[in-house]
Amino acid sequence: MINQKNPAGSFLIFLLFFFMVVQPVLAAFPGLAPETKPQAAAPVTVETLALRTTAIQQKIKVIGDRIGAAKNMENEATANRFAMSLEDLTLRTTVLRETEIIYQRQLAALTKQESLQNELIILDENGAQGTDKTISQRPPYSLNVYDYYFEQLANSTRQIEVAAQALTVGKKLLLEANETLLGAEKKLRALAETTQKDTAAGEWQKLLADDGKELAQARIDLLLLNADNYGLELKRAELKRNIDQQNISWLKENLTFSEEELAGHLESIDARRDELEQRIDKLLFEQNIAENKWLAAQRQVDPTQPPDERKSAIDTAYLQAREAWRETYLQVISHNSSMLQLLNREAQLWQRRYAYLKKETPAGELKNWRNEARVEIEALGRTMALQQSLQNNVQAKIAATKLQLSKENIDPEVNSHIESTIQALSKLGERNFEYLSVLQGASELNQRLLLAIDEHLQEFNLGEQVDVVMATIKGVWTYELFVVDTQGVTIGKTCIALIILIVGIMFAGFFTRWLHRRMLLRLKMGVHATAITEKLTYYITLLMVIFIAMRSVNIPMTAFAFLGGAVAIGAGFGAQKLINNFISGFILMVEQPIRVGDLVQMDTYLGRIEDIGVRSTKVLTFDNVQLLVPNSYFLENNIINWTHNDNMVRARVTVGVVYGSATKLVKKQLLEAAAEHGEILKDPEPFVLFEDFGDNSLVFTLYFWILVARVMDKKRIESDIRFIVEKLFQDENLVIAFPQRDVHLDSSRPLEIKIIKEEGGESGSDQQPCESA
């Protein structure tokens, strides 16, 4: 961590560390330098290889003599001289022998390096000669030849991955080996500075440190040689891949279709299918026997008998063996059944590959094949991963079971059963490996078809592009959303139904408006009957449109049967009011307790009906406010319909005059006011009632009849009558009463008036009585 208080000093420490430690390490071992991509090693001349080989052989000879000398030192005299045990003396011999082994491995690495360089020379020559020299067979080529070279290309690609990974791991090992070498050198320097360096113990420690340093250096040299070999292997794999790619390109241009070859593949698949079916029949028979033995082994264990250690061990081992064989047969039968299905898929793949070579398959169909191949490859990959996990589990069981055989004094019969268990597990492992190979082959066959289709789809012309687009649209158009009564409901059917439904809704609106005009003009129907007929016609037309839309695209009506259940459940929980209002709307249309244009009073609201809908009714109040009233409200509450039978409504105006007024004159003037207004009906005649002797007035009420066409008509006419009454009363000096109170004082004695001062205030004058007249 950099010291923030003294950054300059920290930076100098970093530079000192870099130049004293990091740079020398990288300079001494170029393979340790970080690289973004593994690089192939540069070739080494034959003379250099010979010199290296001679040097290593000399080291092996010297280290052999040193091992002999160290072996001779393993005696009591030497142990006493150096003050240590014989076991400590053998440590140096072990280190020297390990060094000798590493020198021998260096020699083998040099031999391999020479072989790799010779192989690179041959590959360079083959690559320069072209495909005419690398492929001995003349064109045209069959798919068998193509598959052979395709497998070679796959192997080359895998070799490149392995070599690149080995180079990466080798660099990490070099770093660790360099740390070991630095530790050995540090130990030598410490021994050189110790005070015991001239003693026998100090001499022995120096020998061990020198041997450790030599061993660390030998390991680094071996790792560097291995890194060079990995680089050569990487270059060899890249050259092979380039040659294989050239061969594949040449083969693709000269592939031919052969019906005989296809027939041969299909006959081979049929033969393998027959063999698998026979094997499955045999396995089923043997599995039945294994199942019976397993059941018998379970019944053989009797918990009621007194415990017998030997018999219990034998029974347990026997039961484990029977369980192992039973599980083996079940797994193998399952694998063979799956392999039988893969054979059917393999036959289909071969047919598609040959159909592709004929170049008669539409691009859209090729795209479908590609999608199927991708799905198949993913499924096979998951199956192989699962199978590999099961295989690891089987190997772990085999290892654990073999450990049981290593126990001492094991009963021979128990030993026999354990060996039977191992045989069953080993047989299962073999069949698992066989199944994995079949899965890998099926995946590679799908990959070959997928690769060929991908390359073709990248190069197709405009016509094929149009075919692909049309095939994609067709695939989406025919995609099934769900199936009802063996009838598939696809996206295309749904879109057509929606189009018909939209056009039908537009037609229903146009048709009902046209019918509305015809009924008003020709049939002379009333407004109320016309509105009801219009709505009923609209909803019936909508139902017919929905039915026609469903039938036109062959969508069964049972596809929407679930809606009935959904509506029933919704009505039982949260849609009661919705259904209630829906049904109430039709009742209002049929019974007509209210109609469009009626003047209705709901509690404190008075307004005119503008529209009766399916769920709610629109009411326009005198304040020009539109209310949306649920239909059920009109059936569940008391509603005053002022114009249910006709538009004639009785209105009234109440007025109070002071006491002492001429009551006959008041009545006359009120009737005269009604007569002056032109909108008040003469029949029935207006009349006046002397309602009451009020607290402050004599109360009279004028009753009269009017025809209401608009919401404000009643209030407007009543207001006009009040204006007329007020004018007529002024002309006749009739006074309209208003609330008033008379206060009577008792004057039999003077009123006492007191002036009281406020609390906490200044003292005022004394209270003095005051007389009042």
# chains A, B, ... in the order shown; residues from 1 in each chain; ligands from 1
>>> residues_around(residues="region 87-90 of chain A", least_positions_apart="6", cutoff="10 Å", atoms="only C-alpha atoms", output="NGL selection string")
:A and (70-71 or 73-76 or 78-79 or 204 or 208)
>>> select_by_dssp(residues="region 277-501 of chain A", states="strand (DSSP E)", output="PyMOL selection string")
chain A and resi 480-484+487-490
>>> write_last_selection(atoms="all heavy atoms", output="compact mmCIF listing (two decimals), in the first residue's frame")
# COMPACT_ATOMS: atom_id res chain seq x y z
N GLU A 480 -49.28 -22.19 -32.22
CA GLU A 480 -50.46 -22.53 -31.43
C GLU A 480 -50.37 -21.91 -30.04
O GLU A 480 -49.38 -22.08 -29.33
CB GLU A 480 -50.60 -24.05 -31.29
CG GLU A 480 -51.11 -24.72 -32.56
CD GLU A 480 -51.46 -26.18 -32.31
OE1 GLU A 480 -51.18 -26.66 -31.19
OE2 GLU A 480 -52.00 -26.83 -33.22
N LEU A 481 -51.42 -21.17 -29.69
CA LEU A 481 -51.50 -20.60 -28.35
C LEU A 481 -52.03 -21.63 -27.35
O LEU A 481 -51.48 -21.77 -26.26
CB LEU A 481 -52.40 -19.36 -28.37
CG LEU A 481 -51.93 -18.21 -29.27
CD1 LEU A 481 -52.97 -17.10 -29.29
CD2 LEU A 481 -50.59 -17.68 -28.81
N PHE A 482 -53.07 -22.35 -27.74
CA PHE A 482 -53.59 -23.43 -26.92
C PHE A 482 -54.48 -24.29 -27.80
O PHE A 482 -54.79 -23.95 -28.95
CB PHE A 482 -54.38 -22.90 -25.70
CG PHE A 482 -55.44 -21.89 -26.04
CD1 PHE A 482 -56.74 -22.29 -26.33
CD2 PHE A 482 -55.14 -20.54 -26.07
CE1 PHE A 482 -57.71 -21.35 -26.64
CE2 PHE A 482 -56.10 -19.60 -26.38
CZ PHE A 482 -57.39 -20.00 -26.68
N VAL A 483 -54.86 -25.45 -27.27
CA VAL A 483 -55.65 -26.44 -28.01
C VAL A 483 -56.90 -26.74 -27.21
O VAL A 483 -56.82 -26.98 -26.00
CB VAL A 483 -54.85 -27.72 -28.28
CG1 VAL A 483 -55.70 -28.73 -29.03
CG2 VAL A 483 -53.58 -27.40 -29.06
N VAL A 484 -58.04 -26.73 -27.90
CA VAL A 484 -59.32 -27.05 -27.26
C VAL A 484 -60.08 -28.01 -28.17
O VAL A 484 -60.31 -27.70 -29.35
CB VAL A 484 -60.16 -25.78 -27.00
CG1 VAL A 484 -61.49 -26.15 -26.36
CG2 VAL A 484 -59.40 -24.81 -26.12
N GLN A 487 -58.79 -28.86 -31.52
CA GLN A 487 -58.73 -27.71 -32.43
C GLN A 487 -57.68 -26.74 -31.90
O GLN A 487 -57.78 -26.27 -30.78
CB GLN A 487 -60.09 -27.01 -32.54
CG GLN A 487 -61.17 -27.84 -33.22
CD GLN A 487 -60.93 -27.96 -34.71
OE1 GLN A 487 -60.28 -27.12 -35.31
NE2 GLN A 487 -61.46 -29.01 -35.32
N GLY A 488 -56.66 -26.48 -32.72
CA GLY A 488 -55.61 -25.58 -32.31
C GLY A 488 -56.00 -24.12 -32.53
O GLY A 488 -56.50 -23.75 -33.59
N VAL A 489 -55.78 -23.31 -31.55
CA VAL A 489 -56.02 -21.87 -31.65
C VAL A 489 -54.66 -21.21 -31.87
O VAL A 489 -53.84 -21.13 -30.98
CB VAL A 489 -56.68 -21.32 -30.37
CG1 VAL A 489 -56.92 -19.82 -30.50
CG2 VAL A 489 -58.00 -22.04 -30.11
N THR A 490 -54.41 -20.77 -33.11
CA THR A 490 -53.13 -20.21 -33.50
C THR A 490 -53.17 -18.68 -33.46
O THR A 490 -54.24 -18.07 -33.33
CB THR A 490 -52.73 -20.68 -34.90
OG1 THR A 490 -53.69 -20.17 -35.84
CG2 THR A 490 -52.71 -22.20 -34.98
>>> atom_distance(atom1="CA of Leu357 (chain A)", atom2="CA of Ile243 (chain A)")
23.5 Å
>>> closest_residue(among="A:Arg236, A:His335, A:Lys213, A:Lys493", to="Arg551 (chain A)", atoms="only C-alpha atoms")
A:Lys493
>>> atom_distance(atom1="CA of Pro686 (chain A)", atom2="CA of Leu670 (chain A)")
9.4 Å
>>> residues_around(residues="Gln104 (chain A)", least_positions_apart="4", cutoff="12 Å", atoms="only C-alpha atoms", output="list in words")
Thr53, Ala55, Ile56, Gln57, Gln58, Lys59, Ile60, Lys61, Ile63, Gly64, Arg97, Glu98, Thr99, Glu100, Ala108, Ala109, Leu110, Thr111, Ala218, Arg219, Asp221 and Leu222 of chain A
>>> write_last_selection(atoms="N, CA and C atoms", output="JSON list (two decimals), in the first residue's frame")
[["chain", "number", "residue", "atom", "x", "y", "z"],
["A", 53, "THR", "N", 21.39, -32.01, -25.09],
["A", 53, "THR", "CA", 21.29, -33.42, -24.72],
["A", 53, "THR", "C", 22.57, -33.91, -24.06],
["A", 55, "ALA", "N", 24.81, -32.12, -22.50],
["A", 55, "ALA", "CA", 24.97, -31.50, -21.18],
["A", 55, "ALA", "C", 24.11, -32.21, -20.13],
["A", 56, "ILE", "N", 22.89, -32.54, -20.49],
["A", 56, "ILE", "CA", 22.01, -33.21, -19.52],
["A", 56, "ILE", "C", 22.51, -34.62, -19.23],
["A", 57, "GLN", "N", 22.99, -35.31, -20.25],
["A", 57, "GLN", "CA", 23.54, -36.66, -20.01],
["A", 57, "GLN", "C", 24.73, -36.58, -19.05],
["A", 58, "GLN", "N", 25.57, -35.54, -19.19],
["A", 58, "GLN", "CA", 26.70, -35.36, -18.27],
["A", 58, "GLN", "C", 26.19, -35.11, -16.84],
["A", 59, "LYS", "N", 25.12, -34.28, -16.72],
["A", 59, "LYS", "CA", 24.56, -34.03, -15.40],
["A", 59, "LYS", "C", 24.03, -35.32, -14.78],
["A", 60, "ILE", "N", 23.39, -36.15, -15.59],
["A", 60, "ILE", "CA", 22.86, -37.42, -15.07],
["A", 60, "ILE", "C", 23.99, -38.31, -14.56],
["A", 61, "LYS", "N", 25.10, -38.33, -15.28],
["A", 61, "LYS", "CA", 26.25, -39.14, -14.85],
["A", 61, "LYS", "C", 26.81, -38.62, -13.53],
["A", 63, "ILE", "N", 25.27, -36.73, -11.27],
["A", 63, "ILE", "CA", 24.32, -36.90, -10.16],
["A", 63, "ILE", "C", 24.26, -38.35, -9.72],
["A", 64, "GLY", "N", 24.52, -39.29, -10.65],
["A", 64, "GLY", "CA", 24.58, -40.70, -10.27],
["A", 64, "GLY", "C", 25.74, -40.98, -9.33],
["A", 97, "ARG", "N", 18.16, -38.13, -5.77],
["A", 97, "ARG", "CA", 17.45, -39.03, -6.69],
["A", 97, "ARG", "C", 16.32, -38.28, -7.41],
["A", 98, "GLU", "N", 15.62, -37.40, -6.70],
["A", 98, "GLU", "CA", 14.57, -36.60, -7.36],
["A", 98, "GLU", "C", 15.18, -35.69, -8.42],
["A", 99, "THR", "N", 16.38, -35.16, -8.15],
["A", 99, "THR", "CA", 17.05, -34.33, -9.16],
["A", 99, "THR", "C", 17.42, -35.17, -10.37],
["A", 100, "GLU", "N", 17.89, -36.40, -10.13],
["A", 100, "GLU", "CA", 18.25, -37.28, -11.25],
["A", 100, "GLU", "C", 17.02, -37.57, -12.12],
["A", 108, "ALA", "N", 14.07, -36.57, -21.83],
["A", 108, "ALA", "CA", 12.88, -37.00, -22.60],
["A", 108, "ALA", "C", 12.20, -35.81, -23.27],
["A", 109, "ALA", "N", 12.16, -34.64, -22.58],
["A", 109, "ALA", "CA", 11.55, -33.46, -23.18],
["A", 109, "ALA", "C", 12.33, -32.99, -24.40],
["A", 110, "LEU", "N", 13.67, -33.08, -24.34],
["A", 110, "LEU", "CA", 14.47, -32.72, -25.51],
["A", 110, "LEU", "C", 14.23, -33.66, -26.68],
["A", 111, "THR", "N", 14.09, -34.96, -26.37],
["A", 111, "THR", "CA", 13.79, -35.93, -27.43],
["A", 111, "THR", "C", 12.43, -35.61, -28.07],
["A", 218, "ALA", "N", 16.74, -27.34, -11.56],
["A", 218, "ALA", "CA", 16.40, -28.41, -12.51],
["A", 218, "ALA", "C", 14.91, -28.39, -12.84],
["A", 219, "ARG", "N", 14.09, -28.12, -11.83],
["A", 219, "ARG", "CA", 12.64, -28.05, -12.09],
["A", 219, "ARG", "C", 12.31, -26.89, -13.03],
["A", 221, "ASP", "N", 14.31, -25.57, -15.27],
["A", 221, "ASP", "CA", 14.76, -25.94, -16.62],
["A", 221, "ASP", "C", 13.79, -26.91, -17.29],
["A", 222, "LEU", "N", 13.25, -27.84, -16.49],
["A", 222, "LEU", "CA", 12.27, -28.78, -17.04],
["A", 222, "LEU", "C", 10.99, -28.06, -17.45]]
>>> atom_distance(atom1="CA of Val658 (chain A)", atom2="CA of Asn696 (chain A)")
6.9 Å
>>> closest_atom_pairs(of="region 249-333 of chain A", to="region 144-163 of chain A", cutoff="10 Å", atoms="only C-alpha atoms", output="tab-separated table")
residue	atom	partner	partner_atom	distance
A:Ser249	CA	A:Tyr146	CA	9.9
A:Trp250	CA	A:Tyr146	CA	9.7
A:Leu251	CA	A:Tyr146	CA	6.3
A:Lys252	CA	A:Tyr146	CA	7.8
A:Asn254	CA	A:Tyr146	CA	9.8
A:Leu255	CA	A:Tyr146	CA	7.9
A:Glu261	CA	A:Asn144	CA	8.7
A:His265	CA	A:Asn144	CA	9.8
>>> write_last_selection(atoms="C-alpha atoms", output="PDB file, in the first residue's frame")
ATOM      1  CA  SER A 249     -13.214 -26.243 -47.977  1.00  0.00           C
ATOM      2  CA  TRP A 250     -12.078 -28.405 -50.873  1.00  0.00           C
ATOM      3  CA  LEU A 251     -14.394 -31.241 -49.853  1.00  0.00           C
ATOM      4  CA  LYS A 252     -17.402 -28.921 -49.585  1.00  0.00           C
ATOM      5  CA  ASN A 254     -16.798 -31.395 -54.401  1.00  0.00           C
ATOM      6  CA  LEU A 255     -19.366 -33.172 -52.218  1.00  0.00           C
ATOM      7  CA  GLU A 261     -24.494 -44.288 -49.555  1.00  0.00           C
ATOM      8  CA  HIS A 265     -26.218 -45.628 -43.592  1.00  0.00           C
TER       9      HIS A 265
END
>>> residues_around(residues="region 381-389 of chain A", least_positions_apart="6", cutoff="8 Å", atoms="only C-alpha atoms", output="list in words")
Asn432, Leu436, Leu439, Gln440 and Ser443 of chain A
>>> residues_around(residues="Val438 (chain A)", least_positions_apart="4", cutoff="9 Å", atoms="only C-alpha atoms", output="number ranges by chain")
A: 339, 342, 433-434, 442-443
>>> write_last_selection(atoms="N, CA and C atoms", output="mmCIF file, in the first residue's frame")
data_model
loop_
_atom_site.group_PDB
_atom_site.id
_atom_site.type_symbol
_atom_site.label_atom_id
_atom_site.label_comp_id
_atom_site.auth_asym_id
_atom_site.auth_seq_id
_atom_site.Cartn_x
_atom_site.Cartn_y
_atom_site.Cartn_z
ATOM 1 N N MET A 339 -30.681 -44.866 -26.391
ATOM 2 C CA MET A 339 -29.874 -45.064 -27.597
ATOM 3 C C MET A 339 -30.746 -45.461 -28.776
ATOM 4 N N LEU A 342 -32.103 -42.313 -30.080
ATOM 5 C CA LEU A 342 -31.058 -41.569 -30.788
ATOM 6 C C LEU A 342 -30.807 -42.145 -32.178
ATOM 7 N N PHE A 433 -20.018 -45.350 -20.049
ATOM 8 C CA PHE A 433 -19.051 -44.816 -21.007
ATOM 9 C C PHE A 433 -19.535 -45.035 -22.447
ATOM 10 N N GLU A 434 -20.132 -46.189 -22.695
ATOM 11 C CA GLU A 434 -20.680 -46.455 -24.027
ATOM 12 C C GLU A 434 -21.808 -45.483 -24.356
ATOM 13 N N ALA A 442 -23.966 -38.396 -31.371
ATOM 14 C CA ALA A 442 -25.200 -37.736 -31.802
ATOM 15 C C ALA A 442 -25.041 -36.227 -31.796
ATOM 16 N N SER A 443 -24.362 -35.684 -30.789
ATOM 17 C CA SER A 443 -24.140 -34.241 -30.732
ATOM 18 C C SER A 443 -23.270 -33.773 -31.902
#
>>> select_by_dssp(residues="region 353-514 of chain A", states="alpha helix (DSSP H)", output="number ranges by chain")
A: 353-357, 363-405, 412-457, 462-477, 491-514
>>> closest_residue(among="A:Thr654, A:Gln423, A:Gln404, A:Gln740", to="Asp695 (chain A)", atoms="only C-alpha atoms")
A:Gln740
>>> closest_residue(among="A:Ser616, A:Ile717, A:Val655, A:Lys754", to="Leu734 (chain A)", atoms="only C-alpha atoms")
A:Val655
>>> residues_around(residues="region 268-284 of chain A", least_positions_apart="2", cutoff="10 Å", atoms="only C-alpha atoms", output="count of residues only")
26
>>> residues_around(residues="Ala373 (chain A)", least_positions_apart="2", cutoff="9 Å", atoms="only C-alpha atoms", output="list in words")
Asn368, Trp369, Arg370, Asn371, Val375, Glu376, Ile377, Glu378, Ser443, Asn446, Gln447, Leu449 and Leu450 of chain A
